[in-house]
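**Q** As input, take entry_9.pdb (PDB, C-alpha atoms, pLDDT in the B column):
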ATOM      1  CA  MET M   1      10.147  -3.313  10.377  1.00 92.00           C
ATOM      2  CA  PRO M   2      10.163  -6.924  11.553  1.00 95.00           C
ATOM      3  CA  GLU M   3      13.450  -7.663  13.311  1.00 95.00           C
ATOM      4  CA  ARG M   4      14.262 -10.705  11.139  1.00 96.00           C
ATOM      5  CA  ALA M   5      13.891  -8.571   7.988  1.00 96.00           C
ATOM      6  CA  VAL M   6      16.413  -5.892   9.009  1.00 95.00           C
ATOM      7  CA  PRO M   7      19.650  -7.551   7.752  1.00 95.00           C
ATOM      8  CA  SER M   8      18.157  -8.395   4.334  1.00 95.00           C
ATOM      9  CA  CYS M   9      16.625  -4.929   3.971  1.00 95.00           C
ATOM     10  CA  PHE M  10      19.883  -3.269   4.963  1.00 95.00           C
ATOM     11  CA  GLU M  11      21.662  -5.366   2.325  1.00 95.00           C
ATOM     12  CA  LEU M  12      19.090  -4.325  -0.328  1.00 94.00           C
ATOM     13  CA  ILE M  13      19.521  -0.656   0.586  1.00 94.00           C
ATOM     14  CA  GLN M  14      23.321  -0.911   0.394  1.00 94.00           C
ATOM     15  CA  LYS M  15      23.280  -2.917  -2.850  1.00 94.00           C
ATOM     16  CA  THR M  16      20.994  -0.430  -4.614  1.00 93.00           C
ATOM     17  CA  GLY M  17      22.656   2.649  -3.108  1.00 93.00           C
ATOM     18  CA  VAL M  18      19.271   4.179  -2.413  1.00 94.00           C
ATOM     19  CA  HIS M  19      18.791   7.032   0.022  1.00 94.00           C
ATOM     20  CA  LEU M  20      15.968   5.994   2.370  1.00 94.00           C
ATOM     21  CA  LYS M  21      13.958   8.772   3.965  1.00 94.00           C
ATOM     22  CA  ILE M  22      11.357   8.101   6.662  1.00 93.00           C
ATOM     23  CA  VAL M  23       8.714  10.840   6.390  1.00 91.00           C
ATOM     24  CA  ASN M  24       5.568  12.023   8.147  1.00 86.00           C
ATOM     25  CA  GLU M  25       2.343  10.386   7.107  1.00 74.00           C
ATOM     26  CA  ARG M  26       0.965  11.155   3.667  1.00 71.00           C
ATOM     27  CA  VAL M  27      -2.655  10.151   3.323  1.00 69.00           C
ATOM     28  CA  THR M  28      -2.534   9.307  -0.370  1.00 73.00           C
ATOM     29  CA  ARG M  29       0.543   7.054  -0.389  1.00 82.00           C
ATOM     30  CA  HIS M  30       2.614   4.776   1.818  1.00 88.00           C
ATOM     31  CA  GLY M  31       5.893   5.529   0.038  1.00 90.00           C
ATOM     32  CA  ASP M  32       7.503   6.559  -3.225  1.00 92.00           C
ATOM     33  CA  TYR M  33      10.609   6.170  -5.348  1.00 93.00           C
ATOM     34  CA  ARG M  34      12.273   8.819  -7.466  1.00 92.00           C
ATOM     35  CA  ARG M  35      15.484   9.227  -9.384  1.00 89.00           C
ATOM     36  CA  MET M  36      16.954  12.552  -8.403  1.00 90.00           C
ATOM     37  CA  SER M  37      18.385  15.065 -10.913  1.00 90.00           C
ATOM     38  CA  ASN M  38      21.904  14.162  -9.705  1.00 91.00           C
ATOM     39  CA  GLY M  39      21.332  10.509 -10.721  1.00 87.00           C
ATOM     40  CA  LYS M  40      20.952   9.235  -7.168  1.00 91.00           C
ATOM     41  CA  HIS M  41      17.900   7.297  -5.996  1.00 93.00           C
ATOM     42  CA  GLN M  42      15.588   8.231  -3.143  1.00 94.00           C
ATOM     43  CA  ILE M  43      12.834   6.260  -1.473  1.00 94.00           C
ATOM     44  CA  THR M  44      10.461   7.704   1.072  1.00 94.00           C
ATOM     45  CA  VAL M  45       8.318   5.592   3.402  1.00 94.00           C
ATOM     46  CA  ASN M  46       5.718   6.844   5.872  1.00 91.00           C
ATOM     47  CA  ALA M  47       6.880   6.646   9.479  1.00 90.00           C
ATOM     48  CA  THR M  48       3.355   5.845  10.677  1.00 85.00           C
ATOM     49  CA  LEU M  49       3.083   2.450   8.948  1.00 88.00           C
ATOM     50  CA  ASN M  50       3.077  -0.690  11.064  1.00 91.00           C
ATOM     51  CA  LYS M  51       6.220  -2.804  10.702  1.00 95.00           C
ATOM     52  CA  TYR M  52       4.704  -5.264   8.206  1.00 96.00           C
ATOM     53  CA  ARG M  53       3.234  -2.594   5.915  1.00 93.00           C
ATOM     54  CA  PHE M  54       6.531  -0.675   6.232  1.00 95.00           C
ATOM     55  CA  LEU M  55       8.478  -3.711   4.972  1.00 96.00           C
ATOM     56  CA  ILE M  56       6.090  -4.324   2.059  1.00 95.00           C
ATOM     57  CA  THR M  57       6.227  -0.627   1.114  1.00 95.00           C
ATOM     58  CA  LEU M  58      10.020  -0.451   1.319  1.00 96.00           C
ATOM     59  CA  VAL M  59      10.479  -3.515  -0.907  1.00 96.00           C
ATOM     60  CA  HIS M  60       7.747  -2.202  -3.269  1.00 95.00           C
ATOM     61  CA  GLU M  61       9.725   1.022  -3.770  1.00 95.00           C
ATOM     62  CA  ILE M  62      13.093  -0.736  -4.100  1.00 96.00           C
ATOM     63  CA  ALA M  63      11.457  -2.925  -6.779  1.00 96.00           C
ATOM     64  CA  HIS M  64      10.780   0.248  -8.799  1.00 95.00           C
ATOM     65  CA  LEU M  65      14.454   1.193  -8.698  1.00 95.00           C
ATOM     66  CA  VAL M  66      15.659  -2.346  -9.565  1.00 96.00           C
ATOM     67  CA  ALA M  67      13.102  -2.770 -12.386  1.00 96.00           C
ATOM     68  CA  PHE M  68      13.925   0.617 -13.951  1.00 93.00           C
ATOM     69  CA  GLU M  69      17.654  -0.133 -13.822  1.00 93.00           C
ATOM     70  CA  LYS M  70      17.230  -3.629 -15.282  1.00 95.00           C
ATOM     71  CA  TYR M  71      14.584  -2.936 -17.948  1.00 95.00           C
ATOM     72  CA  GLY M  72      14.928   0.804 -18.601  1.00 91.00           C
ATOM     73  CA  ARG M  73      12.777   3.805 -17.818  1.00 86.00           C
ATOM     74  CA  GLY M  74      10.298   2.990 -20.602  1.00 92.00           C
ATOM     75  CA  ILE M  75       8.510   0.317 -18.576  1.00 93.00           C
ATOM     76  CA  LYS M  76       5.154   0.897 -16.900  1.00 93.00           C
ATOM     77  CA  PRO M  77       5.588   1.794 -13.203  1.00 89.00           C
ATOM     78  CA  HIS M  78       3.457  -1.189 -12.079  1.00 92.00           C
ATOM     79  CA  GLY M  79       3.809  -3.312 -15.206  1.00 94.00           C
ATOM     80  CA  MET M  80       4.996  -6.910 -15.608  1.00 96.00           C
ATOM     81  CA  GLU M  81       8.691  -6.054 -15.137  1.00 96.00           C
ATOM     82  CA  TRP M  82       7.994  -4.337 -11.831  1.00 96.00           C
ATOM     83  CA  LYS M  83       5.653  -7.141 -10.689  1.00 96.00           C
ATOM     84  CA  ARG M  84       8.287  -9.817 -11.362  1.00 96.00           C
ATOM     85  CA  THR M  85      10.947  -7.751  -9.614  1.00 97.00           C
ATOM     86  CA  PHE M  86       8.692  -7.112  -6.601  1.00 96.00           C
ATOM     87  CA  GLN M  87       7.817 -10.821  -6.353  1.00 96.00           C
ATOM     88  CA  TYR M  88      11.493 -11.788  -6.538  1.00 96.00           C
ATOM     89  CA  LEU M  89      12.562  -9.234  -3.908  1.00 96.00           C
ATOM     90  CA  MET M  90       9.704 -10.121  -1.512  1.00 96.00           C
ATOM     91  CA  LEU M  91      10.124 -13.898  -1.718  1.00 94.00           C
ATOM     92  CA  PRO M  92      12.820 -14.147   0.998  1.00 94.00           C
ATOM     93  CA  PHE M  93      10.572 -12.234   3.427  1.00 96.00           C
ATOM     94  CA  ILE M  94       7.366 -14.249   3.068  1.00 95.00           C
ATOM     95  CA  ARG M  95       8.082 -16.691   5.878  1.00 95.00           C
ATOM     96  CA  PRO M  96       6.920 -17.162   9.476  1.00 96.00           C
ATOM     97  CA  GLU M  97      10.108 -15.696  10.947  1.00 96.00           C
ATOM     98  CA  VAL M  98       9.191 -12.343   9.380  1.00 97.00           C
ATOM     99  CA  PHE M  99       5.377 -12.210   9.099  1.00 97.00           C
ATOM    100  CA  PRO M 100       2.700 -13.575  11.455  1.00 96.00           C
ATOM    101  CA  THR M 101       1.337 -16.902  10.198  1.00 95.00           C
ATOM    102  CA  GLN M 102      -2.172 -15.475   9.662  1.00 94.00           C
ATOM    103  CA  LEU M 103      -0.750 -13.017   7.084  1.00 95.00           C
ATOM    104  CA  LEU M 104       1.232 -15.594   5.098  1.00 96.00           C
ATOM    105  CA  PRO M 105      -1.654 -17.002   2.985  1.00 96.00           C
ATOM    106  CA  LEU M 106      -2.860 -13.470   2.214  1.00 94.00           C
ATOM    107  CA  LEU M 107       0.658 -12.391   1.223  1.00 95.00           C
ATOM    108  CA  ALA M 108       1.127 -15.505  -0.933  1.00 94.00           C
ATOM    109  CA  ASN M 109      -2.126 -14.715  -2.723  1.00 93.00           C
ATOM    110  CA  HIS M 110      -1.267 -11.016  -3.101  1.00 94.00           C
ATOM    111  CA  PHE M 111       2.134 -11.762  -4.604  1.00 94.00           C
ATOM    112  CA  LYS M 112       0.724 -14.031  -7.312  1.00 94.00           C
ATOM    113  CA  ASN M 113      -0.099 -10.761  -9.070  1.00 92.00           C
ATOM    114  CA  PRO M 114       0.928  -7.768  -6.924  1.00 91.00           C
ATOM    115  CA  LYS M 115      -1.085  -4.582  -7.246  1.00 84.00           C
ATOM    116  CA  ALA M 116       0.164  -1.007  -7.400  1.00 83.00           C
ATOM    117  CA  SER M 117      -0.639  -0.721  -3.680  1.00 80.00           C
ATOM    118  CA  SER M 118      -1.224  -3.263  -0.935  1.00 78.00           C
ATOM    119  CA  SER M 119      -4.188  -1.049   0.003  1.00 77.00           C
ATOM    120  CA  THR M 120      -6.054  -2.083  -3.158  1.00 78.00           C
ATOM    121  CA  ASP M 121      -5.962  -5.682  -1.923  1.00 83.00           C
ATOM    122  CA  ALA M 122      -8.834  -5.289   0.550  1.00 81.00           C
ATOM    123  CA  LYS M 123      -8.295  -8.589   2.406  1.00 86.00           C
ATOM    124  CA  LEU M 124      -4.568  -7.984   2.898  1.00 90.00           C
ATOM    125  CA  SER M 125      -5.109  -4.341   3.830  1.00 85.00           C
ATOM    126  CA  ILE M 126      -7.686  -5.191   6.495  1.00 85.00           C
ATOM    127  CA  ALA M 127      -5.456  -7.974   7.882  1.00 90.00           C
ATOM    128  CA  LEU M 128      -2.454  -5.631   8.032  1.00 90.00           C
ATOM    129  CA  LYS M 129      -4.503  -2.969   9.824  1.00 86.00           C
ATOM    130  CA  GLN M 130      -4.832  -5.144  12.932  1.00 86.00           C
ATOM    131  CA  PHE M 131      -1.092  -4.583  13.528  1.00 90.00           C
ATOM    132  CA  ASP M 132      -1.360  -0.779  13.519  1.00 83.00           C
ATOM    133  CA  THR M 133      -0.172   0.711  16.808  1.00 78.00           C
ATOM    134  CA  GLN M 134      -2.607   3.625  16.630  1.00 72.00           C
ATOM    135  CA  GLN M 135      -6.157   2.376  16.401  1.00 68.00           C
ATOM    136  CA  SER M 136      -8.370   4.522  14.219  1.00 69.00           C
ATOM    137  CA  ASP M 137     -11.891   5.720  14.922  1.00 73.00           C
ATOM    138  CA  LYS M 138     -12.605   5.487  11.205  1.00 79.00           C
ATOM    139  CA  SER M 139     -14.791   2.874   9.518  1.00 82.00           C
ATOM    140  CA  TYR M 140     -14.366   0.952   6.297  1.00 84.00           C
ATOM    141  CA  VAL M 141     -16.777   1.740   3.468  1.00 88.00           C
ATOM    142  CA  PHE M 142     -17.902  -1.911   3.340  1.00 87.00           C
ATOM    143  CA  GLU M 143     -18.998  -1.716   7.010  1.00 86.00           C
ATOM    144  CA  LEU M 144     -21.354   1.228   6.478  1.00 90.00           C
ATOM    145  CA  PRO M 145     -25.038   0.725   5.705  1.00 91.00           C
ATOM    146  CA  THR M 146     -26.182   1.704   2.208  1.00 93.00           C
ATOM    147  CA  GLY M 147     -27.287   5.334   2.252  1.00 92.00           C
ATOM    148  CA  SER M 148     -24.814   6.368   4.952  1.00 92.00           C
ATOM    149  CA  ILE M 149     -23.119   9.745   4.697  1.00 93.00           C
ATOM    150  CA  PHE M 150     -19.370   9.705   5.298  1.00 94.00           C
ATOM    151  CA  ARG M 151     -16.449  12.103   5.208  1.00 91.00           C
ATOM    152  CA  LEU M 152     -13.099  11.494   3.535  1.00 89.00           C
ATOM    153  CA  TYR M 153      -9.742  12.705   4.893  1.00 85.00           C
ATOM    154  CA  ASN M 154     -10.066  15.800   2.643  1.00 87.00           C
ATOM    155  CA  GLY M 155     -13.384  16.825   4.233  1.00 89.00           C
ATOM    156  CA  LYS M 156     -15.595  15.932   1.247  1.00 93.00           C
ATOM    157  CA  LEU M 157     -18.908  14.225   2.008  1.00 94.00           C
ATOM    158  CA  TYR M 158     -20.249  11.168   0.164  1.00 95.00           C
ATOM    159  CA  LYS M 159     -23.321   8.963   0.289  1.00 94.00           C
ATOM    160  CA  LYS M 160     -22.708   5.221   0.074  1.00 94.00           C
ATOM    161  CA  GLY M 161     -24.540   3.434  -2.716  1.00 94.00           C
ATOM    162  CA  ASN M 162     -24.624  -0.095  -4.069  1.00 93.00           C
ATOM    163  CA  ARG M 163     -21.752  -2.504  -4.489  1.00 92.00           C
ATOM    164  CA  ARG M 164     -20.421  -2.969  -8.010  1.00 90.00           C
ATOM    165  CA  VAL M 165     -18.413  -6.207  -8.303  1.00 88.00           C
ATOM    166  CA  LYS M 166     -15.637  -5.238  -5.835  1.00 84.00           C
ATOM    167  CA  ARG M 167     -16.126  -1.502  -5.222  1.00 88.00           C
ATOM    168  CA  TYR M 168     -18.927   0.702  -3.939  1.00 93.00           C
ATOM    169  CA  GLU M 169     -20.716   3.471  -5.837  1.00 94.00           C
ATOM    170  CA  CYS M 170     -20.653   6.613  -3.705  1.00 94.00           C
ATOM    171  CA  VAL M 171     -22.056  10.005  -4.627  1.00 96.00           C
ATOM    172  CA  GLU M 172     -20.225  13.182  -3.644  1.00 95.00           C
ATOM    173  CA  ILE M 173     -22.833  15.278  -1.847  1.00 94.00           C
ATOM    174  CA  SER M 174     -21.718  18.717  -3.129  1.00 94.00           C
ATOM    175  CA  THR M 175     -21.427  17.813  -6.831  1.00 95.00           C
ATOM    176  CA  GLY M 176     -23.679  14.782  -7.326  1.00 94.00           C
ATOM    177  CA  ARG M 177     -20.804  13.006  -9.093  1.00 95.00           C
ATOM    178  CA  MET M 178     -20.468   9.270  -8.594  1.00 96.00           C
ATOM    179  CA  TYR M 179     -17.167   7.702  -7.513  1.00 95.00           C
ATOM    180  CA  LEU M 180     -16.117   4.105  -6.923  1.00 93.00           C
ATOM    181  CA  PHE M 181     -14.608   3.336  -3.516  1.00 91.00           C
ATOM    182  CA  GLN M 182     -12.543   0.348  -2.483  1.00 87.00           C
ATOM    183  CA  PRO M 183     -14.317  -1.615   0.288  1.00 86.00           C
ATOM    184  CA  ASN M 184     -11.402  -0.954   2.637  1.00 82.00           C
ATOM    185  CA  ALA M 185     -11.339   2.828   2.149  1.00 85.00           C
ATOM    186  CA  GLU M 186     -11.199   4.368   5.631  1.00 84.00           C
ATOM    187  CA  VAL M 187     -13.842   7.007   6.191  1.00 88.00           C
ATOM    188  CA  GLU M 188     -15.563   8.862   9.002  1.00 89.00           C
ATOM    189  CA  LEU M 189     -19.256   8.092   9.395  1.00 90.00           C
ATOM    190  CA  VAL M 190     -21.294  11.315   9.582  1.00 89.00           C
ATOM    191  CA  ASP M 191     -24.886  10.124   9.394  1.00 65.00           C
ATOM    192  CA  SER M 192     -26.668   6.839   8.629  1.00 50.00           C
TER     193      SER M 192
END
Written as structure tokens, that's how I'd like the structure from this file.
**A**
Amino acid sequence: MPERAVPSCFELIQKTGVHLKIVNERVTRHGDYRRMSNGKHQITVNATLNKYRFLITLVHEIAHLVAFEKYGRGIKPHGMEWKRTFQYLMLPFIRPEVFPTQLLPLLANHFKNPKASSSTDAKLSIALKQFDTQQSDKSYVFELPTGSIFRLYNGKLYKKGNRRVKRYECVEISTGRMYLFQPNAEVELVDS
């Protein structure tokens, strides 16, 4: 995580009493929060995230814990209570000592109404990707020509279709079913 964020994050971890676990990469999520059967709290964050995405993910998951403790377990996981909590907890970090200046306007915009995942904010996700230490040979769906065939991480093949407002219609080759893909979904081009 960014060096200037470490003391504040450490304080958040101590204050909430959460057990933080750094885990191997999971393709479908950056991190998660759960209340264990013994009443303790555990957060997992992928070890493969770049330091800025790691920080956002860690605070995202801590916001779940804080929101559930403040408002009760009946709230929606990414509802208004969580959004307000996430905004409040992230505010001290959104400054040039922590994040590169080119990310600050994108973060400010994202945190006006935070989404369930920073990956669903295509502009922020693409900007964060430039800080990844391992460069990927994958492409974004929005970069592929219409009609291209691509493979997802699970091996399934899709054909890219037209753009619908923000997402792309893509047909799964084996079933003919249509799915909507975020423009920043990372895929492997098979054929164009």
**Q** Report as a list in words the residues that result from applying the PyMOL selection byres ((chain M and resi 22) around 6) to the structure here.
**A** Lys21, Val23, Thr44, Val45, Asn46 and Ala47 of chain M
**Q** Would you compute the distance between CA of Leu55 (chain M) and CA of Phe181 (chain M)? Give it in Å to one decimal.
**A** 25.6 Å
**Q** Can you list, as a VMD selection string, every protein, DNA or RNA residue that comes within 9 Å of Met90 (chain M) when you count only C-alpha atoms, leaving out same-chain residues fewer than 4 positions away?
**A** chain M and resid 56 59 to 60 85 to 86 94 111
**Q** For CA of Asn184 (chain M) and CA of Leu152 (chain M), quote the distance in Å rounded to one decimal.
**A**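 CA of Leu152 (chain M) lies 12.6 Å from CA of Asn184 (chain M).
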**Q** Using all atoms listed in the file, which of M:His19, M:Lys129, M:His64, M:Arg26 sits nearest Tyr52 (chain M)?
**A**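 Answer, going by the shortest atom-to-atom distance: M:Lys129.
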**Q** Please determine, counting all atoms listed in the file, which residue among M:Gly74, M:Gly155, M:Pro2, M:Pro183 has the shortest atom-to-atom distance to Ala122 (chain M).
**A**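 Residue with the minimum atom-to-atom distance to Ala122 (chain M): M:Pro183.
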**Q** Can you tell me, as lines of an AutoDock Vina configuration file, the centre and edge lengths (Å, one decimal) of the axis-aligned box enclosing all of region 10-26 of chain M's listed atoms after padding each side by 5 Å?
**A**
center_x = 12.1
center_y = 3.3
center_z = 1.8
size_x = 32.4
size_y = 27.4
size_z = 22.8
**Q** On this structure, which residues satisfy the PyMOL selection byres ((chain M and resi 170) around 8), written as a list in words?
**A**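 Given this file, the PyMOL selection byres ((chain M and resi 170) around 8) evaluates to Tyr158, Lys159, Lys160, Gly161, Asn162, Tyr168, Glu169, Val171, Glu172, Met178, Tyr179, Leu180 and Phe181 of chain M.
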**Q** Give me the residues within 10 Å of Ala116 (chain M) as a list in words, counting only C-alpha atoms and dropping any in the same chain fewer than 4 places off.
**A**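 The contact residues come out as His60, Pro77, His78, Gly79, Trp82, Lys83, Thr120 and Asp121 of chain M.
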